[in-house]
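Undergrad: To be precise about what I am sending: the file is called entry_3.tsv and holds TSV, C-alpha atoms.
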chain	number	residue	atom	x	y	z
A	898	MET	CA	-2.45	23.48	-3.61
A	899	ASN	CA	0.77	21.71	-2.62
A	900	SER	CA	1.59	18.09	-3.34
A	901	ARG	CA	0.65	16.85	0.14
A	902	ASN	CA	-2.76	18.52	0.05
A	903	LYS	CA	-3.41	17.07	-3.40
A	904	LEU	CA	-2.69	13.56	-2.13
A	905	LEU	CA	-4.97	14.13	0.86
A	906	LYS	CA	-7.81	15.50	-1.25
A	907	ARG	CA	-7.46	12.67	-3.75
A	908	MET	CA	-7.53	10.08	-0.95
A	909	GLU	CA	-10.56	11.58	0.78
A	910	GLU	CA	-12.55	11.77	-2.46
A	911	PHE	CA	-11.54	8.22	-3.34
A	912	LEU	CA	-12.69	6.91	0.06
A	913	ARG	CA	-16.02	8.72	-0.18
A	914	CYS	CA	-16.72	7.08	-3.53
A	915	ARG	CA	-15.50	3.62	-2.58
A	916	LEU	CA	-17.28	3.47	0.77
A	917	ALA	CA	-20.50	4.67	-0.84
A	918	GLU	CA	-20.34	1.58	-3.07
A	919	LEU	CA	-20.27	-0.64	0.02
A	920	HIS	CA	-23.32	0.95	1.60
A	921	PRO	CA	-26.05	-1.59	2.48
A	922	GLY	CA	-28.48	-1.99	-0.39
A	923	ARG	CA	-26.05	-0.70	-2.98
A	924	THR	CA	-25.32	-3.24	-5.69
A	925	SER	CA	-22.16	-3.40	-7.76
A	926	ASN	CA	-21.78	-4.18	-11.45
A	927	ARG	CA	-18.13	-5.13	-11.03
A	928	LEU	CA	-17.14	-8.58	-12.23
A	929	TYR	CA	-13.72	-8.65	-10.58
A	930	ASP	CA	-12.16	-7.57	-7.33
A	931	ARG	CA	-9.97	-4.50	-7.64
A	932	PRO	CA	-6.20	-4.88	-7.14
A	933	SER	CA	-4.17	-2.93	-4.59
A	934	ILE	CA	-0.40	-2.38	-4.48
A	935	MET	CA	1.82	-2.53	-1.41
A	936	ILE	CA	5.22	-0.82	-1.87
A	937	SER	CA	8.25	-1.43	0.35
A	938	ARG	CA	11.27	0.73	-0.40
A	939	GLN	CA	14.79	1.41	0.65
A	940	ALA	CA	15.53	4.95	1.82
A	941	GLY	CA	16.18	7.17	-1.16
A	942	ALA	CA	14.45	4.80	-3.59
A	943	ARG	CA	11.98	7.57	-4.45
A	944	GLY	CA	9.01	5.53	-3.31
A	945	LEU	CA	6.50	8.36	-3.08
A	946	GLU	CA	7.52	9.69	-6.48
A	947	VAL	CA	7.10	6.25	-8.05
A	948	ALA	CA	3.75	5.81	-6.29
A	949	LYS	CA	2.43	9.12	-7.61
A	950	GLU	CA	3.51	8.27	-11.15
A	951	LEU	CA	1.98	4.82	-10.75
A	952	ALA	CA	-1.38	6.19	-9.60
A	953	ASP	CA	-1.51	8.55	-12.58
A	954	TYR	CA	-0.59	5.74	-14.96
A	955	LEU	CA	-3.19	3.35	-13.57
A	956	ASP	CA	-5.86	6.06	-13.63
A	957	GLN	CA	-5.37	6.04	-17.40
A	958	PHE	CA	-4.99	2.36	-18.16
A	959	ASP	CA	-6.55	0.28	-15.37
A	960	GLU	CA	-10.15	-0.51	-16.26
A	961	THR	CA	-10.97	-1.49	-12.66
A	962	ALA	CA	-10.31	2.07	-11.44
A	963	GLU	CA	-13.77	3.60	-11.66
A	964	HIS	CA	-12.82	6.17	-9.02
A	965	GLY	CA	-9.10	6.36	-9.77
A	966	TRP	CA	-6.26	5.22	-7.55
A	967	ALA	CA	-5.28	6.64	-4.15
A	968	THR	CA	-1.71	6.82	-2.81
A	969	ILE	CA	-1.36	6.40	0.96
A	970	ASP	CA	1.88	6.88	2.88
A	971	GLN	CA	2.54	6.91	6.63
A	972	GLY	CA	1.17	10.42	7.13
A	973	LEU	CA	-2.05	9.76	5.22
A	974	LEU	CA	-2.50	6.42	6.97
A	975	ALA	CA	-2.33	8.23	10.32
A	976	HIS	CA	-4.95	10.67	9.02
A	977	VAL	CA	-7.24	7.76	8.07
A	978	ILE	CA	-6.93	6.28	11.56
A	979	GLU	CA	-7.20	9.51	13.56
A	980	ASP	CA	-10.18	10.85	11.61
A	981	GLN	CA	-11.85	7.42	11.42
A	982	LEU	CA	-12.25	7.60	7.67
A	983	LEU	CA	-12.88	3.85	7.50
A	984	PRO	CA	-16.07	3.28	9.50
A	985	ASP	CA	-16.88	-0.29	10.46
A	986	ILE	CA	-18.72	-1.96	7.61
A	987	SER	CA	-20.23	-5.41	7.82
A	988	GLN	CA	-17.96	-7.95	6.15
A	989	GLU	CA	-20.79	-9.03	3.86
A	990	TYR	CA	-20.29	-5.77	1.95
A	991	LEU	CA	-16.62	-6.48	1.39
A	992	VAL	CA	-15.46	-8.66	-1.49
A	993	PRO	CA	-15.14	-12.28	-0.31
A	994	GLN	CA	-11.60	-13.63	-0.33
A	995	ILE	CA	-10.38	-17.15	-0.95
A	996	ALA	CA	-7.09	-17.11	0.90
A	997	GLU	CA	-4.18	-19.16	-0.40
A	998	LYS	CA	-2.14	-18.25	2.67
A	999	GLU	CA	-2.99	-17.99	6.33
A	1000	PRO	CA	-3.13	-14.40	7.62
A	1001	HIS	CA	-0.17	-13.21	9.64
A	1002	ASP	CA	-0.20	-14.11	13.33
A	1003	VAL	CA	-0.72	-10.42	14.09
A	1004	VAL	CA	-4.02	-10.49	12.24
A	1005	ALA	CA	-5.15	-13.65	14.00
A	1006	SER	CA	-4.33	-12.15	17.41
A	1007	MET	CA	-6.25	-8.96	16.57
A	1008	ARG	CA	-9.39	-11.01	16.04
A	1009	GLN	CA	-9.09	-12.26	19.59
A	1010	THR	CA	-8.45	-8.82	21.11
A	1011	PRO	CA	-11.16	-6.20	21.76
A	1012	ARG	CA	-10.63	-3.15	19.57
A	1013	SER	CA	-10.55	-0.97	22.70
A	1014	GLU	CA	-7.35	-2.78	23.71
A	1015	TRP	CA	-5.57	-2.49	20.37
A	1016	THR	CA	-2.15	-0.86	20.13
A	1017	LEU	CA	-1.38	1.84	17.57
A	1018	PHE	CA	0.29	-0.81	15.41
A	1019	GLN	CA	-2.84	-2.95	15.46
A	1020	HIS	CA	-5.00	0.01	14.40
A	1021	SER	CA	-2.51	0.64	11.61
A	1022	ALA	CA	-2.57	-3.01	10.54
A	1023	ASP	CA	-6.37	-3.02	10.49
A	1024	ALA	CA	-6.51	0.16	8.39
A	1025	ILE	CA	-3.95	-1.21	5.93
A	1026	ARG	CA	-5.89	-4.43	5.41
A	1027	ARG	CA	-9.24	-2.66	5.01
A	1028	LEU	CA	-7.77	-0.16	2.57
A	1029	CYS	CA	-6.22	-3.00	0.61
A	1030	ARG	CA	-9.56	-4.80	0.47
A	1031	LEU	CA	-11.20	-1.70	-1.01
A	1032	GLY	CA	-8.91	-1.99	-4.02
A	1033	ASN	CA	-7.19	0.62	-6.19
A	1034	VAL	CA	-4.95	1.83	-3.38
A	1035	ILE	CA	-1.16	2.12	-3.27
A	1036	ILE	CA	0.19	1.84	0.28
A	1037	LEU	CA	3.76	2.76	1.12
A	1038	GLY	CA	5.58	1.00	3.94
A	1039	ARG	CA	4.34	0.27	7.49
A	1040	GLY	CA	4.72	-3.47	6.94
A	1041	ALA	CA	1.86	-3.45	4.42
A	1042	ASN	CA	3.49	-6.12	2.25
A	1043	PHE	CA	3.60	-8.59	5.12
A	1044	LEU	CA	0.21	-7.70	6.55
A	1045	THR	CA	-1.52	-8.46	3.22
A	1046	GLN	CA	0.27	-11.62	2.07
A	1047	ASP	CA	-3.00	-13.56	2.45
A	1048	LEU	CA	-5.16	-11.05	0.56
A	1049	GLN	CA	-5.72	-12.19	-2.98
A	1050	ASN	CA	-5.99	-8.70	-4.47
A	1051	ALA	CA	-2.65	-7.47	-3.03
A	1052	PHE	CA	0.34	-7.00	-5.33
A	1053	HIS	CA	3.67	-6.61	-3.51
A	1054	VAL	CA	6.56	-4.45	-4.73
A	1055	ARG	CA	10.04	-3.66	-3.39
A	1056	LEU	CA	12.04	-0.63	-4.59
A	1057	VAL	CA	15.82	-0.85	-4.19
A	1058	GLY	CA	18.88	0.98	-5.48
A	1059	ASP	CA	22.60	1.31	-5.07
A	1060	PRO	CA	23.75	3.38	-2.06
A	1061	GLU	CA	25.23	6.20	-4.13
A	1062	THR	CA	22.08	6.81	-6.15
A	1063	ARG	CA	19.88	6.67	-3.08
A	1064	ALA	CA	22.17	8.96	-1.06
A	1065	ARG	CA	21.97	11.58	-3.81
A	1066	ALA	CA	18.17	11.36	-3.75
A	1067	VAL	CA	18.10	11.75	0.04
A	1068	ALA	CA	20.54	14.68	-0.12
A	1069	SER	CA	18.34	16.43	-2.67
A	1070	GLU	CA	15.10	15.80	-0.78
A	1071	HIS	CA	16.38	16.86	2.65
A	1072	ALA	CA	19.00	19.47	1.64
A	1073	LEU	CA	21.87	17.46	3.16
A	1074	ASP	CA	25.43	16.90	2.03
A	1075	LEU	CA	26.18	13.40	0.74
A	1076	GLU	CA	27.86	12.20	3.92
A	1077	LYS	CA	24.96	13.21	6.14
A	1078	ALA	CA	22.50	11.89	3.57
A	1079	ALA	CA	24.22	8.49	3.62
A	1080	ASP	CA	24.09	8.40	7.42
A	1081	TYR	CA	20.40	9.34	7.40
A	1082	MET	CA	19.69	6.73	4.74
A	1083	ARG	CA	21.34	3.94	6.73
A	1084	SER	CA	19.49	5.00	9.88
A	1085	LEU	CA	16.12	5.04	8.12
A	1086	ASP	CA	16.70	1.66	6.45
A	1087	GLY	CA	17.66	0.22	9.83
A	1088	ALA	CA	14.55	1.65	11.49
A	1089	ARG	CA	12.26	0.26	8.78
A	1090	ALA	CA	13.84	-3.19	8.99
A	1091	GLN	CA	13.56	-3.14	12.77
A	1092	TYR	CA	9.89	-2.09	12.59
A	1093	VAL	CA	9.04	-5.05	10.38
A	1094	ARG	CA	11.14	-7.45	12.43
A	1095	ARG	CA	9.72	-6.28	15.78
A	1096	HIS	CA	6.06	-6.20	14.82
A	1097	LEU	CA	5.86	-8.88	12.13
A	1098	ASP	CA	8.94	-11.08	12.64
A	1099	ARG	CA	9.85	-10.80	8.97
A	1100	ASP	CA	12.91	-9.74	6.97
A	1101	ILE	CA	12.03	-6.66	4.95
A	1102	ALA	CA	14.71	-7.57	2.37
A	1103	ASP	CA	13.36	-11.08	1.73
A	1104	GLY	CA	12.82	-11.06	-2.02
A	1105	SER	CA	10.40	-13.99	-1.89
A	1106	SER	CA	7.85	-11.72	-0.19
A	1107	TYR	CA	7.40	-9.58	-3.31
A	1108	HIS	CA	5.88	-10.09	-6.73
A	1109	LEU	CA	8.27	-7.55	-8.23
A	1110	THR	CA	11.52	-5.82	-7.27
A	1111	ILE	CA	12.58	-2.67	-9.13
A	1112	ASN	CA	16.10	-1.19	-9.15
A	1113	ILE	CA	15.60	2.56	-9.27
A	1114	SER	CA	19.31	3.07	-9.96
A	1115	ARG	CA	18.68	1.63	-13.43
A	1116	LEU	CA	15.16	2.93	-14.08
A	1117	ASP	CA	13.66	6.39	-13.56
A	1118	PRO	CA	10.41	6.77	-11.55
A	1119	CYS	CA	8.23	7.14	-14.64
A	1120	THR	CA	9.58	3.96	-16.26
A	1121	SER	CA	9.41	2.12	-12.93
A	1122	ALA	CA	5.77	3.16	-12.54
A	1123	ARG	CA	4.87	1.92	-16.02
A	1124	ILE	CA	6.55	-1.45	-15.38
A	1125	ILE	CA	4.69	-1.88	-12.09
A	1126	GLY	CA	1.41	-0.69	-13.60
A	1127	ASP	CA	1.58	-3.02	-16.61
A	1128	SER	CA	2.55	-5.91	-14.33
A	1129	VAL	CA	-0.41	-5.26	-12.03
A	1130	ILE	CA	-2.89	-4.99	-14.89
A	1131	GLU	CA	-1.62	-8.23	-16.43
A	1132	TRP	CA	-1.52	-10.01	-13.07
A	1133	ALA	CA	-4.96	-8.84	-12.02
A	1134	GLY	CA	-6.56	-9.87	-15.28
A	1135	ALA	CA	-5.06	-13.35	-15.15
A	1136	ARG	CA	-5.29	-14.07	-11.45
A	1137	LEU	CA	-8.10	-12.38	-9.53
A	1138	LEU	CA	-11.23	-14.44	-9.13
A	1139	PRO	CA	-14.65	-13.18	-10.17
A	1140	MET	CA	-16.74	-11.68	-7.39
A	1141	SER	CA	-19.27	-13.97	-5.78
A	1142	ALA	CA	-22.81	-13.51	-6.97
Spit out the file's structure as structure tokens when you get a sec.
TA:
Amino acid sequence: MNSRNKLLKRMEEFLRCRLAELHPGRTSNRLYDRPSIMISRQAGARGLEVAKELADYLDQFDETAEHGWATIDQGLLAHVIEDQLLPDISQEYLVPQIAEKEPHDVVASMRQTPRSEWTLFQHSADAIRRLCRLGNVIILGRGANFLTQDLQNAFHVRLVGDPETRARAVASEHALDLEKAADYMRSLDGARAQYVRRHLDRDIADGSSYHLTINISRLDPCTSARIIGDSVIEWAGARLLPMSA
């Protein structure tokens, strides 16, 4: 089984277990809401590699992860939406949230728009927020950091690196020479920034939007994952409110 199929199988099994917990009549013994992690990354910052390492690390050391952690990138998010893997569940079966921030304007507008009239971006935004609310998910990109700023269980991370290091990573991943890799990297970074600016009116590089920024030029993916994992465990234990009775 290749890496992509493993991620898909892990995600589908995770969703089956987590959604079963939210079934009407099912009670939970959890005392705390589960954290989720939103990762924004520059091109070549090895985001998926860090996310995989992070999920494995948290599976071992995060006591909230009864069903493990799931890693969800753009492709898997599309799969969730297209196959309707997140059926509508009454909000009373989702963990209540005490928001410190107002939800993004996009979220507010979605509440006023019939689902039948939603754009693809709005379906994506809805899936990201519902996945985040489930807890124990790592979501890569798609504006997830900005879409979940008001969700109390969301931990926000940005992966950066110097251009040379990132270009080498892109060249290795896509079998390109360094010059073409650098061009591709700049194009992808520009597209991601434009996506966030167009849909969410935010600056993807705004450091104040993240709990933690990691420089992958100085730290390998395994070390980066451990730093993020330990930070999340510490943050979740100190910050997340007990579930309502």
Undergrad: For A:Gly1104, which residue out of A:Leu912, A:Val1057, A:Ala948, A:Leu1073 is the nearest one, using only C-alpha atoms?
TA: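 Selected residue with least distance to A:Gly1104: A:Val1057.
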Undergrad: Kindly give the distance, in Å, that separates atom CA of A:Asp980 and atom CA of A:Ala1005, rounded to a single decimal.
TA: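 Atom CA of A:Ala1005 lies at a distance of 25.1 Å from atom CA of A:Asp980.
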Undergrad: Nearest residue to A:Ala917 out of A:Val1004, A:Leu1031, A:Ile1124, A:Val977, using only C-alpha atoms?
TA: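 Using only C-alpha atoms, A:Ala917 sits closest to A:Leu1031.
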Undergrad: Env of A:Val1129: 9 Å cut, atoms = all atoms listed in the file, seq-sep filter 6 positions within chain, self excluded. Answer as a PyMOL selection string.
TA: chain A and resi 932-934+959+1052
Undergrad: Please, what distance in Å, to one decimal, runs between atom CA of A:Ala952 and atom CA of A:Leu904?
TA: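 A separation of 10.6 Å between them.
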Undergrad: Would you list the contacts of A:Thr968 as a count of residues only, taking every protein, DNA or RNA residue within 10 Å and counting all atoms listed in the file, but skipping same-chain residues closer than 4 positions in sequence?
TA: 20
Undergrad: Report, in Å with one decimal, the straight-line distance from atom CA of A:Ala1024 to atom CA of A:Leu983.
TA: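 Atom CA of A:Ala1024 sits 7.4 Å away from atom CA of A:Leu983.
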Undergrad: Could you pull the residues within 12 Å of A:Ser1069, counting all atoms listed in the file, minus those fewer than 4 positions along the same chain, as a list in words?
TA: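 Counting all atoms listed in the file, the residues come to Gly941, Arg943, Thr1062, Arg1063, Ala1064, Arg1065, Leu1073, Asp1074, Leu1075, Lys1077, Ala1078 and Ala1079 of chain A.
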Undergrad: Give me the residues within 8 Å of A:Ser1106 as number ranges by chain, counting only C-alpha atoms and dropping any in the same chain fewer than 4 places off.
TA: A: 1042-1043, 1046, 1053
Undergrad: Nearest residue to A:Ala967 out of A:His1108, A:Arg1055, A:Arg1008, A:Lys903, using all atoms listed in the file?
TA: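 When distances to A:Ala967 are compared using all atoms listed in the file, the smallest one comes from A:Lys903.
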Undergrad: Give me, as a PyMOL selection string, all polymer residues having an atom no more than 12 Å from A:Ile1113, counting all atoms listed in the file and skipping those fewer than 6 positions away in the same chain.
TA: chain A and resi 938-944+946-947+1055-1063+1066+1119-1122+1124
Undergrad: Considering only C-alpha atoms, can you say which of A:Ile1130, A:Ser1105, A:Arg1123, A:Tyr1081 comes closest to A:Thr961?
TA: A:Ile1130
Undergrad: Would you compute an axis-aligned box for stretch 1050-1062 of chain A, covering every atom listed for it in the file with 3 Å of margin on each side, and report centre and edge lengths in Å to one decimal as AutoDock Vina command-line options?
TA:
--center_x 9.6 --center_y -0.9 --center_z -4.1 --size_x 37.2 --size_y 21.5 --size_z 10.1
